[in-house]
Each structure stands twice: as structure tokens, then as C-alpha cells.
file data.txt (compact mmCIF, C-alpha atoms)
# COMPACT_ATOMS: atom_id res chain seq x y z
CA MET S 7 -8.46 -26.57 -0.60
CA ARG S 8 -8.99 -24.15 -3.47
CA GLU S 9 -10.71 -25.51 -6.57
CA GLN S 10 -8.39 -26.77 -9.31
CA VAL S 11 -9.38 -26.13 -12.93
CA GLU S 12 -7.90 -28.10 -15.83
CA ILE S 13 -6.45 -25.69 -18.36
CA GLY S 14 -5.03 -28.31 -20.73
CA ARG S 15 -3.67 -31.84 -20.78
CA ASN S 16 -1.82 -32.65 -17.54
CA ARG S 17 -1.97 -29.03 -16.38
CA SER S 18 -4.32 -27.41 -13.91
CA ALA S 19 -4.58 -24.02 -12.23
CA GLN S 20 -6.21 -22.77 -9.07
CA ARG S 21 -9.43 -20.82 -9.44
CA SER S 22 -9.14 -17.38 -7.89
CA TYR S 23 -11.27 -14.26 -7.49
CA VAL S 24 -10.96 -10.51 -7.82
CA PHE S 25 -13.14 -7.89 -6.14
CA ASP S 26 -15.49 -7.62 -9.11
CA ASP S 27 -16.39 -11.29 -8.67
CA LEU S 28 -17.78 -10.69 -5.17
CA ASP S 29 -20.67 -8.95 -3.47
CA ILE S 30 -21.03 -8.13 0.22
CA VAL S 31 -24.17 -9.71 1.64
CA PRO S 32 -26.27 -7.68 4.13
CA SER S 33 -27.08 -9.37 7.43
CA ARG S 34 -30.43 -9.40 9.26
CA ARG S 35 -29.60 -6.16 11.07
CA THR S 36 -28.35 -2.65 10.40
CA ARG S 37 -26.99 0.04 12.68
CA SER S 38 -26.40 3.78 12.67
CA SER S 39 -23.19 4.80 10.91
CA SER S 40 -22.44 7.04 13.89
CA ALA S 41 -22.05 3.86 15.94
CA VAL S 42 -19.41 2.44 13.59
CA SER S 43 -15.63 2.73 14.09
CA THR S 44 -13.09 2.50 11.28
CA ALA S 45 -10.14 2.83 13.68
CA TRP S 46 -7.28 0.34 13.73
CA GLN S 47 -4.04 0.09 15.68
CA LEU S 48 -0.60 -0.94 14.42
CA ASP S 49 1.59 -1.73 17.40
CA ALA S 50 1.40 1.40 19.62
CA TYR S 51 0.00 3.64 16.86
CA ARG S 52 -3.74 4.19 16.52
CA PHE S 53 -5.29 5.51 13.30
CA GLU S 54 -8.88 6.61 12.79
CA LEU S 55 -8.78 5.53 9.14
CA PRO S 56 -7.50 2.08 8.05
CA LEU S 57 -5.22 3.76 5.51
CA LEU S 58 -1.58 3.73 4.48
CA THR S 59 -0.51 5.68 1.42
CA HIS S 60 1.22 3.86 -1.42
CA PRO S 61 4.75 5.28 -1.13
CA THR S 62 5.03 7.08 -4.44
CA ASP S 63 6.22 10.64 -5.04
CA ALA S 64 3.11 11.14 -7.18
CA VAL S 65 1.05 11.14 -3.97
CA VAL S 66 3.33 11.48 -0.94
CA SER S 67 5.41 14.57 -0.22
CA PRO S 68 6.28 15.59 3.33
CA ALA S 69 3.29 17.94 3.23
CA THR S 70 0.78 15.35 2.04
CA ALA S 71 2.14 12.72 4.46
CA ALA S 72 1.47 15.18 7.26
CA ARG S 73 -2.00 15.96 5.89
CA VAL S 74 -2.94 12.28 5.67
CA GLY S 75 -1.81 11.90 9.26
CA GLU S 76 -3.99 14.85 10.27
CA LEU S 77 -6.97 13.19 8.58
CA GLY S 78 -6.43 9.94 10.49
CA GLY S 79 -4.33 7.78 8.17
CA LEU S 80 -0.63 6.94 7.83
CA GLY S 81 1.37 8.73 5.14
CA VAL S 82 4.34 6.64 3.96
CA LEU S 83 7.19 8.58 2.35
CA ASN S 84 9.39 6.81 -0.19
CA ALA S 85 12.89 6.89 1.36
CA GLU S 86 14.32 6.20 -2.11
CA GLY S 87 12.26 8.84 -3.88
CA LEU S 88 12.85 12.37 -5.09
CA TRP S 89 12.63 14.04 -1.67
CA ALA S 90 15.57 11.89 -0.59
CA ARG S 91 17.67 12.58 -3.70
CA HIS S 92 17.10 16.19 -4.79
CA ALA S 93 17.17 19.42 -2.81
CA GLU S 94 14.57 20.87 -5.18
CA ALA S 95 12.27 17.87 -5.27
CA GLU S 96 9.22 19.90 -6.29
CA LYS S 97 11.12 21.25 -9.30
CA ALA S 98 12.25 17.75 -10.29
CA LEU S 99 8.70 16.49 -9.94
CA GLY S 100 7.47 19.36 -12.07
CA GLU S 101 9.82 18.30 -14.85
CA VAL S 102 8.38 14.78 -14.77
CA VAL S 103 4.84 16.15 -14.94
CA THR S 104 5.72 18.48 -17.82
CA ARG S 105 7.17 15.61 -19.83
CA ALA S 106 4.21 13.37 -19.00
CA ALA S 107 1.85 15.87 -20.59
CA THR S 108 3.54 15.41 -23.97
CA ASP S 109 5.11 11.94 -23.82
CA PRO S 110 4.61 9.63 -20.80
CA ALA S 111 7.48 7.42 -21.98
CA GLU S 112 9.83 10.40 -21.78
CA ALA S 113 8.53 11.06 -18.28
CA VAL S 114 9.51 7.53 -17.24
CA ALA S 115 12.97 8.13 -18.69
CA GLU S 116 13.18 11.36 -16.68
CA LEU S 117 12.23 9.47 -13.51
CA GLN S 118 15.00 6.96 -14.21
CA ARG S 119 17.49 9.80 -14.66
CA LEU S 120 16.39 11.54 -11.47
CA HIS S 121 16.62 8.32 -9.47
CA ALA S 122 20.16 7.73 -10.68
CA ALA S 123 21.21 10.45 -8.21
CA PRO S 124 22.22 9.01 -4.83
CA VAL S 125 20.02 9.17 -1.75
CA GLN S 126 21.30 11.99 0.46
CA PRO S 127 20.83 11.29 4.19
CA ALA S 128 20.52 14.98 5.01
CA LEU S 129 17.67 15.47 2.53
CA LEU S 130 15.90 12.34 3.72
CA THR S 131 16.23 13.45 7.33
CA GLU S 132 14.90 16.91 6.48
CA ALA S 133 11.87 15.47 4.68
CA LEU S 134 10.99 13.18 7.58
CA ASP S 135 11.51 15.97 10.08
CA ARG S 136 8.82 17.99 8.29
CA VAL S 137 6.36 15.14 8.85
CA ARG S 138 7.29 14.79 12.52
CA THR S 139 7.10 18.55 13.12
CA ALA S 140 3.55 18.51 11.77
CA GLY S 141 2.63 16.01 14.48
CA ALA S 142 2.03 12.98 12.22
CA THR S 143 3.36 9.46 12.71
CA VAL S 144 6.57 9.19 10.69
CA ALA S 145 6.64 6.27 8.25
CA ALA S 146 9.00 5.52 5.39
CA ARG S 147 9.37 2.85 2.73
CA VAL S 148 12.58 1.13 1.64
CA SER S 149 13.09 -1.63 -0.90
CA PRO S 150 14.48 -4.98 0.27
CA GLN S 151 17.62 -4.27 -1.74
CA HIS S 152 18.42 -1.09 0.20
CA ALA S 153 16.80 -1.72 3.58
CA ARG S 154 20.02 -2.51 5.39
CA GLU S 155 21.78 0.51 3.90
CA LEU S 156 19.09 3.13 4.59
CA THR S 157 17.56 2.01 7.86
CA PRO S 158 20.24 3.53 10.14
CA THR S 159 19.52 6.94 8.60
CA LEU S 160 15.78 6.41 8.98
CA LEU S 161 16.10 5.41 12.63
CA ALA S 162 18.30 8.42 13.36
CA ALA S 163 15.65 10.60 11.66
CA GLY S 164 12.97 9.29 14.02
CA VAL S 165 11.02 6.92 11.76
CA GLU S 166 8.27 5.24 13.79
CA VAL S 167 6.97 2.73 11.23
CA LEU S 168 9.19 1.11 8.60
CA VAL S 169 7.74 -0.33 5.39
CA VAL S 170 9.93 -2.81 3.51
CA GLN S 171 8.21 -3.09 0.16
CA GLY S 172 9.02 -4.52 -3.23
CA THR S 173 6.83 -5.66 -6.10
CA ILE S 174 6.86 -9.21 -4.75
CA ILE S 175 9.07 -10.09 -1.78
CA SER S 176 9.83 -13.11 0.35
CA ALA S 177 11.19 -13.75 3.82
CA GLU S 178 14.71 -13.84 2.39
CA HIS S 179 15.80 -11.58 -0.44
CA VAL S 180 18.50 -13.28 -2.52
CA PRO S 181 20.44 -10.64 -4.46
CA GLY S 182 21.86 -10.85 -7.93
CA ASP S 183 22.77 -7.18 -8.20
CA HIS S 184 26.45 -6.23 -8.02
CA ALA S 185 25.44 -3.24 -5.88
CA GLU S 186 24.33 -5.60 -3.11
CA THR S 187 27.57 -6.62 -1.48
CA ASP S 188 26.35 -7.57 1.99
CA GLY S 189 24.58 -10.78 1.06
CA PRO S 190 20.85 -11.48 1.15
CA LEU S 191 18.49 -9.55 3.40
CA ASP S 192 17.25 -11.97 6.03
CA LEU S 193 14.07 -10.22 7.16
CA GLU S 194 13.82 -12.17 10.40
CA ASP S 195 17.29 -11.11 11.47
CA PHE S 196 16.71 -7.58 10.17
CA ILE S 197 13.41 -7.08 12.02
CA GLU S 198 14.73 -8.63 15.22
CA GLY S 199 17.30 -5.84 15.48
CA LEU S 200 14.69 -3.07 15.31
CA ASP S 201 12.54 -1.52 18.03
CA ILE S 202 9.90 -0.18 15.63
CA PRO S 203 7.09 -2.02 13.81
CA VAL S 204 7.94 -3.24 10.32
CA VAL S 205 5.37 -3.73 7.58
CA ALA S 206 6.58 -5.97 4.73
CA GLY S 207 5.28 -7.03 1.31
CA GLY S 208 3.89 -7.48 -1.19
CA VAL S 209 2.77 -11.06 -1.26
CA GLY S 210 0.04 -12.91 -3.08
CA ASP S 211 -0.36 -16.30 -1.42
CA TYR S 212 -0.79 -18.07 1.92
CA ARG S 213 2.70 -19.55 2.15
CA THR S 214 4.60 -16.31 1.58
CA ALA S 215 2.29 -14.41 3.91
CA MET S 216 2.98 -16.98 6.63
CA HIS S 217 6.73 -16.76 6.02
CA LEU S 218 6.67 -12.98 6.39
CA MET S 219 4.61 -13.21 9.56
CA ARG S 220 7.22 -15.54 11.03
CA THR S 221 9.92 -12.92 10.46
CA GLY S 222 8.32 -10.76 13.15
CA ALA S 223 6.67 -8.28 10.79
CA ALA S 224 3.87 -6.27 12.37
CA GLY S 225 2.00 -6.14 9.07
CA VAL S 226 2.05 -7.93 5.72
CA ILE S 227 1.17 -6.14 2.48
CA VAL S 228 -0.90 -8.18 0.04
CA GLY S 229 -0.61 -7.10 -3.60
CA TYR S 230 1.71 -4.77 -5.46
CA GLY S 231 -0.36 -1.65 -5.97
CA GLN S 232 -2.31 -2.70 -9.07
CA SER S 233 -3.68 0.41 -10.74
CA ALA S 234 -4.11 1.97 -14.15
CA ALA S 235 -0.39 2.78 -14.06
CA THR S 236 1.06 -0.58 -13.06
CA THR S 237 2.36 -2.95 -15.72
CA THR S 238 3.74 -5.79 -13.60
CA ASP S 239 1.37 -8.28 -15.20
CA ASP S 240 2.39 -7.09 -18.69
CA VAL S 241 6.13 -7.04 -17.95
CA LEU S 242 6.51 -10.06 -15.67
CA GLY S 243 3.31 -12.00 -16.20
CA ILE S 244 2.70 -11.86 -12.44
CA GLY S 245 -0.74 -10.99 -11.15
CA VAL S 246 -2.43 -11.02 -7.76
CA PRO S 247 -6.15 -11.91 -7.62
CA MET S 248 -6.76 -9.65 -4.66
CA ALA S 249 -9.92 -11.16 -3.19
CA THR S 250 -8.44 -14.65 -3.02
CA ALA S 251 -5.01 -13.38 -1.95
CA LEU S 252 -6.51 -11.45 0.98
CA VAL S 253 -8.61 -14.39 2.12
CA ASP S 254 -5.50 -16.61 2.00
CA ALA S 255 -3.41 -14.05 3.91
CA ALA S 256 -6.16 -13.75 6.51
CA ALA S 257 -6.06 -17.54 6.89
CA ALA S 258 -2.31 -17.33 7.42
CA ARG S 259 -2.90 -14.62 10.04
CA ARG S 260 -5.34 -16.88 11.89
CA ASP S 261 -3.01 -19.89 11.74
CA TYR S 262 -0.04 -17.79 12.86
CA LEU S 263 -2.13 -16.42 15.73
CA ASP S 264 -2.73 -20.02 16.85
CA GLU S 265 0.90 -20.99 16.25
CA THR S 266 2.24 -18.19 18.46
CA GLY S 267 -0.46 -18.22 21.09
CA GLY S 268 -1.76 -14.77 20.33
CA ARG S 269 0.56 -12.69 18.10
CA TYR S 270 -1.61 -10.78 15.63
CA VAL S 271 -0.15 -9.60 12.30
CA HIS S 272 -2.06 -7.02 10.29
CA VAL S 273 -2.99 -7.71 6.67
CA ILE S 274 -2.83 -4.66 4.38
CA ALA S 275 -4.42 -4.65 0.91
CA ASP S 276 -2.43 -2.85 -1.78
CA GLY S 277 -3.98 -2.44 -5.20
CA ALA S 278 -6.99 -3.26 -7.40
CA MET S 279 -9.26 -0.92 -5.45
CA SER S 280 -10.78 1.60 -7.83
CA THR S 281 -13.78 2.61 -5.73
CA SER S 282 -14.93 2.80 -2.14
CA GLY S 283 -16.87 -0.41 -2.74
CA ASP S 284 -13.59 -2.19 -3.49
CA ILE S 285 -12.16 -0.89 -0.21
CA ALA S 286 -15.15 -2.34 1.64
CA LYS S 287 -14.66 -5.68 -0.13
CA ALA S 288 -10.95 -5.69 0.79
CA ILE S 289 -11.82 -5.35 4.48
CA ALA S 290 -14.57 -7.97 4.08
CA CYS S 291 -11.99 -10.38 2.63
CA GLY S 292 -9.83 -9.99 5.73
CA ALA S 293 -7.72 -6.85 5.34
CA ASP S 294 -7.11 -4.75 8.45
CA ALA S 295 -6.21 -1.67 6.38
CA VAL S 296 -5.72 -0.60 2.77
CA MET S 297 -2.82 1.04 0.96
CA LEU S 298 -4.08 3.64 -1.52
CA GLY S 299 -2.25 5.57 -4.20
CA GLU S 300 -4.14 6.19 -7.42
CA GLN S 301 -7.26 7.25 -5.52
CA LEU S 302 -5.31 9.96 -3.67
CA ALA S 303 -3.68 11.20 -6.87
CA ALA S 304 -7.15 12.38 -7.85
CA ALA S 305 -6.92 15.21 -5.30
CA GLU S 306 -5.66 18.53 -6.64
CA GLU S 307 -3.13 18.83 -3.80
CA ALA S 308 -1.37 15.58 -4.75
CA PRO S 309 2.27 16.32 -5.70
CA GLY S 310 1.92 14.58 -9.09
CA GLY S 311 -0.49 17.19 -10.35
CA GLY S 312 -3.00 14.63 -11.61
CA TRP S 313 -0.43 12.10 -12.83
CA TYR S 314 0.19 8.78 -11.13
CA TRP S 315 2.95 6.17 -11.07
CA THR S 316 4.38 3.69 -8.59
CA PRO S 317 8.00 3.55 -7.35
CA SER S 318 8.76 0.76 -9.83
CA ALA S 319 8.42 3.29 -12.67
CA ALA S 320 11.94 4.47 -11.83
CA HIS S 321 13.60 1.05 -12.06
CA PRO S 322 16.81 1.64 -14.05
CA SER S 323 16.41 -1.26 -16.49
CA LEU S 324 12.88 -2.70 -16.24
CA PRO S 325 10.14 -0.27 -15.12
CA ARG S 326 6.90 -1.96 -14.09
CA SER S 327 4.78 1.15 -14.03
CA GLY S 328 3.90 3.80 -16.52
CA ILE S 329 2.78 7.36 -15.82
CA THR S 330 -0.96 7.72 -16.16
CA ARG S 331 -3.31 10.68 -16.03
CA VAL S 332 -5.80 10.47 -13.17
CA PRO S 333 -9.00 12.54 -13.47
CA THR S 334 -9.21 15.08 -10.65
CA VAL S 335 -12.27 14.42 -8.51
CA ALA S 336 -11.69 16.77 -5.58
CA ALA S 337 -9.73 19.81 -4.53
CA ASP S 338 -8.26 18.24 -1.44
CA LEU S 339 -7.41 14.97 0.25
CA ALA S 340 -10.04 15.54 2.92
CA THR S 341 -12.83 15.31 0.35
CA VAL S 342 -11.37 12.15 -1.19
CA LEU S 343 -10.97 10.46 2.19
CA THR S 344 -13.79 11.75 4.37
CA GLY S 345 -16.09 13.71 2.07
CA PRO S 346 -18.57 14.98 1.46
CA ALA S 347 -18.83 13.23 -1.92
CA ARG S 348 -19.97 15.30 -4.90
CA SER S 349 -20.82 12.32 -7.11
CA GLY S 350 -22.01 8.74 -6.84
CA ALA S 351 -18.98 7.21 -8.53
CA GLY S 352 -17.35 5.89 -5.36
CA THR S 353 -14.23 8.03 -5.76
CA MET S 354 -14.85 10.50 -2.92
CA ASN S 355 -15.55 10.08 0.80
CA LEU S 356 -13.90 6.68 0.57
CA PHE S 357 -13.96 5.97 4.28
CA GLY S 358 -17.36 7.49 4.84
CA ALA S 359 -18.55 4.87 2.34
CA LEU S 360 -16.72 2.13 4.24
CA ARG S 361 -18.41 3.28 7.43
CA ARG S 362 -21.81 3.21 5.70
CA ALA S 363 -21.18 -0.29 4.27
CA MET S 364 -20.37 -1.52 7.78
CA ALA S 365 -23.52 0.11 9.16
CA LYS S 366 -25.75 -1.29 6.40
CA THR S 367 -24.54 -4.81 7.19
CA GLY S 368 -24.75 -4.39 10.96
CA TYR S 369 -21.08 -4.39 11.99
CA SER S 370 -19.57 -1.94 14.44
CA ASP S 371 -15.82 -2.25 13.80
CA LEU S 372 -13.33 -3.53 11.25
CA LYS S 373 -12.67 -6.87 12.94
CA GLU S 374 -16.39 -7.64 13.01
CA PHE S 375 -16.79 -6.59 9.38
CA GLN S 376 -14.18 -9.16 8.32
CA ARG S 377 -16.87 -11.76 9.08
CA VAL S 378 -19.49 -10.28 6.76
CA GLY S 379 -21.09 -12.62 4.24
CA LEU S 380 -19.83 -12.71 0.65
CA SER S 381 -21.34 -14.10 -2.52
CA VAL S 382 -19.72 -14.96 -5.86
CA ARG S 383 -21.22 -13.51 -9.01
CA ARG S 384 -20.10 -16.26 -11.36

call {"tool": "encode", "arguments": {"input": "data.txt", "output": "C-alpha cells"}}
result
Amino acid sequence: MREQVEIGRNRSAQRSYVFDDLDIVPSRRTRSSSAVSTAWQLDAYRFELPLLTHPTDAVVSPATAARVGELGGLGVLNAEGLWARHAEAEKALGEVVTRAATDPAEAVAELQRLHAAPVQPALLTEALDRVRTAGATVAARVSPQHARELTPTLLAAGVEVLVVQGTIISAEHVPGDHAETDGPLDLEDFIEGLDIPVVAGGVGDYRTAMHLMRTGAAGVIVGYGQSAATTTDDVLGIGVPMATALVDAAAARRDYLDETGGRYVHVIADGAMSTSGDIAKAIACGADAVMLGEQLAAAEEAPGGGWYWTPSAAHPSLPRSGITRVPTVAADLATVLTGPARSGAGTMNLFGALRRAMAKTGYSDLKEFQRVGLSVRR
């Protein structure tokens, strides 16, 4: 049971931890980093890097999704983003970037205007076809509100992994939007009708993680992409202490494994990872993979041209992300992901650093590394 702290008369709160509160503890042995594997497998799909991209147009175009796939990760295209709505998506994105340089608030307004255009199935299909033609695993994100509407198009376009992602979601989405006329999205019923793995989230606690696992999801996203751009805590007052949330979700994974007699659901960390050390701590807390966005925006080839935002920036009435400048640290995604690093800041060669952290603590694969010792700083 997590420690309860009294915060006032007749009111208590649970103590929780973020990555900065923790340190990874070396074991009695080390091993060569060449003997360490960072590979993981989601359903039938194997990836050499435990990486999914945060599905934002600032980072993921068809070209960068394909490039991430080439480097060993999974690029997730936003099926409700600019490439699905505008034939000249690069031009539209350029307008957002131009406005961001002078007034980020105007850039958010431009994103809202651009997302008011309807999703065009032909454009979405074309964007996904470019990823498939490049030989990468095809993955796309939909919101719970539009999952039922867009999934037939995604399946026809050959999507292999579906990500159903909102800021915070549950096993049953109860709508209050007049645009949602088909009733709530029952994820269990929705997933049961699909032949492809579904990753769902984000969540921030044991109970919701367990509920999503019971829907049949292949993976559960923990967090909502906390970064310098996100404002969910400012707008809604909702925060996710990622270290505690991941440990709780990993406990749900273990209990669900026992409950089902062997069905394993992957836990994916999304947010609050500024450096490669944070990525290592996320895996140490129980994550099977991480979802990165802001870190990839630091590559010169990112579509956002050094600016970063999350999909919630385009919400028509209540954006929960701003548009933030990200310092460029590398010319290409390869340097950010697999190096070599040109500084000691922990912003390049992210997965080379993970591999080295595993080697320094004596673990040979991700599942083993989830058992590494941790200490609390305070």
C-alpha cells in the first residue's frame, strides 16, 4: 500500500515519485554493452529499439515514420493530423512554424484552424502507403472519440499497429460531444473486432491500467506526453508522477498475467523523459518501451523545424499543449537515437545510453533490467 501523507485536516494524499526522485543502483556485476539487447516485441512485430514516437505532426511525417522504422523503432503517424487533412501538409506545417517564430499563441490558433478541415481518407491512405512502401511497420494513432469512425479506413490502408490515445482515457469512453452520435466507445468490444494489436492510453494508476489490459489491449500507455510543451497540469490540474505510475502499471501487468494464465501486456512510458537517463529509469520502473516526442524534435530533419507540440494543441476549444522551441542537438534522427553523441547532456545516442546503463548494472535485456535496484533521493 502506498504511503498516505496528511495534507490538512481530514484529508490525505498518496506519496508519489517522479524520475528525478530516483537513482538506478548498480549490481555486483557488469557486462559488455555488446552483449546487451534493447530489442522488444509487440505481438508479431519485433523492434530493435524500445521506441514508439509520440504521434505529433511536429515529429512524425510519413518520411520520419519510415526513418524511425529503419533505425529500429516504431513511427506512429497521427491519423487525425495534417497529413490526413491537407494535400499540402508540409506547406500547412510551414505556416504553423512561421507563426510560432513570432507568436506561439497565433501558431496554436493556426493549428486549430487547420484541424477544422475534415480528415480525408484518400490523404490518410496515401500517407500510410508511403510508410509501408519504405518497408516500415505501419502504425497510426486515433483518439477515442474518432476511433470507430477512422479505423475502417486505417485497416483498409494496411495499418499493422493501432494506437488509441487520448490525454487520459479509460476502458469506456463516455461522450458528451454532439459529434459523437454512436454512443460510448467500449474498448473491449472495439478491440475484440480487430485482428491487429491495439495500444491504448494514457493512464496514470493501477486500476485504469488493469481495466485497459482487460479490454484486450496489447499495450498500455502510461502518461500523457509530459514535455516542455504540454500544459495539461496547468489547464486541467491533472498530473502523472511517472515513476510511481509506471511501477503501478507494471504491478497491474503482473497481476493480469496471473489472472489470465500468461497473457502479457506491454507497458509504454509516455512523457517526463528529458534525457537518456530518464529513459533508463522508465525501463527500470517497469516500462517495456518508451514513447518519445520532444527528444526527436531536436533533430534537424523533424517536420516541426525545431518546434514541438502534442496533438492536444489543436483541440478546438481547450488546447492542452503550447508550441515550444526545442534546441537542435543533431542533424538527423540517427544521431539522436543511436549516436554517436557529441555532448554529455544525455540528449543524443539515447538508446546507446540505455544499452550502457544496462551493461553497467549487469543486465542483458529489457525484461531483466526491469528488476534493477532503485533508490529514493529524498

call {"tool": "closest_residue", "arguments": {"input": "data.txt", "among": "S:Glu112, S:Asp371, S:Arg73, S:Asp49", "to": "Asp201 (chain S)", "atoms": "only C-alpha atoms"}}
result
S:Asp49

call {"tool": "atom_distance", "arguments": {"input": "data.txt", "atom1": "CA of Ala363 (chain S)", "atom2": "CA of Leu302 (chain S)"}}
result
20.5 Å

call {"tool": "residues_near_point", "arguments": {"input": "data.txt", "point": "(0.9, 1.5, 14.1)", "cutoff": "12 Å", "atoms": "only C-alpha atoms", "output": "number ranges by chain"}}
result
S: 45-58, 75, 78-82, 142-145, 165-169, 202-205, 223-225, 271-272, 294-295

call {"tool": "residues_near_point", "arguments": {"input": "data.txt", "point": "(16.4, -8.7, 8.2)", "cutoff": "10 Å", "atoms": "all atoms listed in the file", "output": "ChimeraX atom specification"}}
result
/S:150,153-154,170,177-179,190-200,221-222

call {"tool": "write_last_selection", "arguments": {"input": "data.txt", "atoms": "C-alpha atoms", "output": "short mmCIF file (atom, residue, chain, number, x, y, z; two decimals), in the frame of the given file"}}
result
data_model
loop_
_atom_site.label_atom_id
_atom_site.label_comp_id
_atom_site.auth_asym_id
_atom_site.auth_seq_id
_atom_site.Cartn_x
_atom_site.Cartn_y
_atom_site.Cartn_z
CA PRO S 150 14.48 -4.98 0.27
CA ALA S 153 16.80 -1.72 3.58
CA ARG S 154 20.02 -2.51 5.39
CA VAL S 170 9.93 -2.81 3.51
CA ALA S 177 11.19 -13.75 3.82
CA GLU S 178 14.71 -13.84 2.39
CA HIS S 179 15.80 -11.58 -0.44
CA PRO S 190 20.85 -11.48 1.15
CA LEU S 191 18.49 -9.55 3.40
CA ASP S 192 17.25 -11.97 6.03
CA LEU S 193 14.07 -10.22 7.16
CA GLU S 194 13.82 -12.17 10.40
CA ASP S 195 17.29 -11.11 11.47
CA PHE S 196 16.71 -7.58 10.17
CA ILE S 197 13.41 -7.08 12.02
CA GLU S 198 14.73 -8.63 15.22
CA GLY S 199 17.30 -5.84 15.48
CA LEU S 200 14.69 -3.07 15.31
CA THR S 221 9.92 -12.92 10.46
CA GLY S 222 8.32 -10.76 13.15
#

call {"tool": "closest_residue", "arguments": {"input": "data.txt", "among": "S:Ser381, S:Ser149, S:Ser233, S:Asn16", "to": "Lys287 (chain S)", "atoms": "only C-alpha atoms"}}
result
S:Ser381

call {"tool": "residues_around", "arguments": {"input": "data.txt", "residues": "region 121-129 of chain S", "least_positions_apart": "3", "cutoff": "9 Å", "atoms": "all atoms listed in the file", "output": "JSON, numbers by chain"}}
result
{"S": [85, 86, 87, 88, 89, 90, 91, 92, 93, 116, 117, 118, 132, 133, 134, 156, 159, 160, 320, 321, 322]}

call {"tool": "closest_residue", "arguments": {"input": "data.txt", "among": "S:Leu263, S:Leu298, S:Ala146, S:Val253", "to": "Arg220 (chain S)", "atoms": "all atoms listed in the file"}}
result
S:Leu263

call {"tool": "closest_residue", "arguments": {"input": "data.txt", "among": "S:Ala347, S:Ala319, S:Val228, S:Ala340", "to": "Asp63 (chain S)", "atoms": "only C-alpha atoms"}}
result
S:Ala319

call {"tool": "closest_residue", "arguments": {"input": "data.txt", "among": "S:Ala71, S:Ala293, S:Ala278, S:Ile244", "to": "Ala308 (chain S)", "atoms": "all atoms listed in the file"}}
result
S:Ala71

call {"tool": "atom_distance", "arguments": {"input": "data.txt", "atom1": "CA of Val74 (chain S)", "atom2": "CA of Gly368 (chain S)"}}
result
28.0 Å

call {"tool": "atom_distance", "arguments": {"input": "data.txt", "atom1": "CA of Ala140 (chain S)", "atom2": "CA of Ala305 (chain S)"}}
result
20.3 Å

call {"tool": "residues_around", "arguments": {"input": "data.txt", "residues": "region 25-36 of chain S", "least_positions_apart": "6", "cutoff": "6 Å", "atoms": "all atoms listed in the file", "output": "PyMOL selection string"}}
result
chain S and resi 249+365-368+379-383

call {"tool": "residues_around", "arguments": {"input": "data.txt", "residues": "Asn355 (chain S)", "least_positions_apart": "2", "cutoff": "8 Å", "atoms": "only C-alpha atoms", "output": "mmCIF file with C-alpha atoms, in the coordinates of the input"}}
result
data_model
loop_
_atom_site.group_PDB
_atom_site.id
_atom_site.type_symbol
_atom_site.label_atom_id
_atom_site.label_comp_id
_atom_site.auth_asym_id
_atom_site.auth_seq_id
_atom_site.Cartn_x
_atom_site.Cartn_y
_atom_site.Cartn_z
ATOM 1 C CA SER S 282 -14.930 2.800 -2.140
ATOM 2 C CA THR S 341 -12.830 15.310 0.350
ATOM 3 C CA VAL S 342 -11.370 12.150 -1.190
ATOM 4 C CA LEU S 343 -10.970 10.460 2.190
ATOM 5 C CA THR S 344 -13.790 11.750 4.370
ATOM 6 C CA GLY S 345 -16.090 13.710 2.070
ATOM 7 C CA PRO S 346 -18.570 14.980 1.460
ATOM 8 C CA ALA S 347 -18.830 13.230 -1.920
ATOM 9 C CA GLY S 352 -17.350 5.890 -5.360
ATOM 10 C CA THR S 353 -14.230 8.030 -5.760
ATOM 11 C CA PHE S 357 -13.960 5.970 4.280
ATOM 12 C CA GLY S 358 -17.360 7.490 4.840
ATOM 13 C CA ALA S 359 -18.550 4.870 2.340
#

call {"tool": "closest_residue", "arguments": {"input": "data.txt", "among": "S:Thr131, S:Thr108, S:Gln171, S:Thr330", "to": "Ile274 (chain S)", "atoms": "all atoms listed in the file"}}
result
S:Gln171
